[in-house]
Amino acid sequence: MGLYGGLRQDDIHRLKGLKKSQKILDYMGSTELAANLFRATQAEEKLCRDKVKGKKAANHTHQEVGAKVRKTIQELGGTMPENLPAVESIKKIETKQRKKLGGSTHPPKKNNRRMIRGITIYSDLLFTFFMNT
């Protein structure tokens, strides 16, 4: 079932009005990003703690953790992730901020990025992104 209640990537694109070429992650607001990051970190911890082996077992663990995060959101009266609106693309926000700061409109080189388990965060724009969502 997972965090998105069994929806596939195509379903999420459709619900959020995104084109197939647009990355869902780039259009997530802070609530949805936080839910996904929490799910990913907790799944990783469970994979290590339970010494999960194999792709099938790992996928099952991710689905299980996602379903529990979804249930918690529901119990708290929150909005399900697939029903949260798509926000302005982080790439568009980056370009605006770079222009505003008088810098290049091109993204920083890879060695200036930090990777947090598959989510690229530009440290100089993170605060701005969360303030604009």
# chains A, B, ... in the order shown; residues from 1 in each chain; ligands from 1
$ residues_around --residues "region 53-63 of chain A" --least-positions-apart "4" --cutoff "8 Å" --atoms "only C-alpha atoms" --output "list of chain:residue names"
A:Met1, A:Gly2, A:Leu3, A:Arg39, A:Ala40, A:Ala43, A:Lys46, A:Leu47, A:Ala67
$ write_last_selection --atoms "C-alpha atoms" --output "PDB file, in the first residue's frame"
ATOM      1  CA  MET A   1       0.000   0.000   0.000  1.00  0.00           C
ATOM      2  CA  GLY A   2       2.723   2.475   0.967  1.00  0.00           C
ATOM      3  CA  LEU A   3       2.702   6.205   1.599  1.00  0.00           C
ATOM      4  CA  ARG A  39       9.392   7.341   5.422  1.00  0.00           C
ATOM      5  CA  ALA A  40      12.776   6.906   3.733  1.00  0.00           C
ATOM      6  CA  ALA A  43      12.625   2.380   6.189  1.00  0.00           C
ATOM      7  CA  LYS A  46      14.326  -0.829   9.723  1.00  0.00           C
ATOM      8  CA  LEU A  47      16.257  -2.411   6.846  1.00  0.00           C
ATOM      9  CA  ALA A  67       1.706   2.476   4.993  1.00  0.00           C
TER      10      ALA A  67
END
$ closest_residue --among "A:Glu32, A:Pro85, A:Glu44, A:Glu75" --to "Tyr4 (chain A)" --atoms "only C-alpha atoms"
A:Glu32
$ residues_around --residues "Lys23 (chain A)" --least-positions-apart "4" --cutoff "12 Å" --atoms "only C-alpha atoms" --output "JSON, numbers by chain"
{"A": [9, 10, 12, 13, 16, 17, 18, 19, 27, 28, 86, 87, 88, 89, 90, 91, 119]}
$ write_last_selection --atoms "N, CA and C atoms" --output "compact mmCIF listing (two decimals), in the first residue's frame"
# COMPACT_ATOMS: atom_id res chain seq x y z
N GLN A 9 3.47 5.88 -9.88
CA GLN A 9 4.04 7.17 -10.28
C GLN A 9 3.14 7.88 -11.31
N ASP A 10 2.63 7.15 -12.28
CA ASP A 10 1.75 7.74 -13.29
C ASP A 10 0.49 8.32 -12.66
N ILE A 12 0.16 9.47 -9.59
CA ILE A 12 0.52 10.68 -8.84
C ILE A 12 0.72 11.85 -9.80
N HIS A 13 1.39 11.59 -10.93
CA HIS A 13 1.56 12.64 -11.94
C HIS A 13 0.19 13.19 -12.36
N LYS A 16 -1.66 15.22 -9.58
CA LYS A 16 -1.03 16.51 -9.29
C LYS A 16 -0.92 17.40 -10.53
N GLY A 17 -1.42 16.90 -11.65
CA GLY A 17 -1.39 17.69 -12.88
C GLY A 17 0.00 17.91 -13.44
N LEU A 18 0.88 16.93 -13.24
CA LEU A 18 2.25 17.04 -13.72
C LEU A 18 2.43 16.26 -15.02
N LYS A 19 3.34 16.73 -15.85
CA LYS A 19 3.70 16.02 -17.07
C LYS A 19 4.61 14.86 -16.70
N TYR A 27 8.19 19.10 -7.23
CA TYR A 27 6.94 19.84 -7.06
C TYR A 27 6.27 19.55 -5.71
N MET A 28 7.01 18.97 -4.79
CA MET A 28 6.47 18.68 -3.45
C MET A 28 6.66 19.87 -2.53
N ALA A 86 0.53 20.29 -5.90
CA ALA A 86 1.89 20.48 -6.43
C ALA A 86 2.23 21.95 -6.22
N VAL A 87 3.44 22.21 -5.82
CA VAL A 87 3.89 23.60 -5.61
C VAL A 87 4.82 23.99 -6.75
N GLU A 88 5.22 25.24 -6.75
CA GLU A 88 6.16 25.71 -7.77
C GLU A 88 7.43 24.85 -7.72
N SER A 89 7.93 24.51 -8.87
CA SER A 89 9.10 23.65 -8.97
C SER A 89 10.29 24.26 -8.23
N ILE A 90 11.02 23.40 -7.53
CA ILE A 90 12.23 23.84 -6.84
C ILE A 90 13.22 24.42 -7.84
N LYS A 91 13.24 23.91 -9.05
CA LYS A 91 14.15 24.42 -10.07
C LYS A 91 13.79 25.86 -10.44
N ILE A 119 17.66 12.57 -2.11
CA ILE A 119 17.03 13.88 -2.25
C ILE A 119 18.13 14.91 -2.31
$ residues_around --residues "Ala35 (chain A)" --least-positions-apart "5" --cutoff "9 Å" --atoms "only C-alpha atoms" --output "PyMOL selection string"
chain A and resi 3+30+40+66+69-70+73+81
$ write_last_selection --atoms "C-alpha atoms" --output "compact mmCIF listing (two decimals), in the first residue's frame"
# COMPACT_ATOMS: atom_id res chain seq x y z
CA LEU A 3 2.70 6.21 1.60
CA SER A 30 7.38 20.93 2.69
CA ALA A 40 12.78 6.91 3.73
CA GLY A 66 5.09 3.93 4.03
CA VAL A 69 3.40 6.79 7.92
CA ARG A 70 0.22 7.15 5.84
CA ILE A 73 -1.09 11.12 8.79
CA PRO A 81 0.23 13.04 0.21
$ closest_residue --among "A:Lys100, A:Leu84, A:Glu94, A:Val65" --to "Leu33 (chain A)" --atoms "only C-alpha atoms"
A:Leu84
$ atom_distance --atom1 "CA of Thr31 (chain A)" --atom2 "CA of Glu45 (chain A)"
21.1 Å
$ closest_residue --among "A:Lys71, A:Asn83, A:Gly102, A:Ile93" --to "Leu7 (chain A)" --atoms "only C-alpha atoms"
A:Asn83
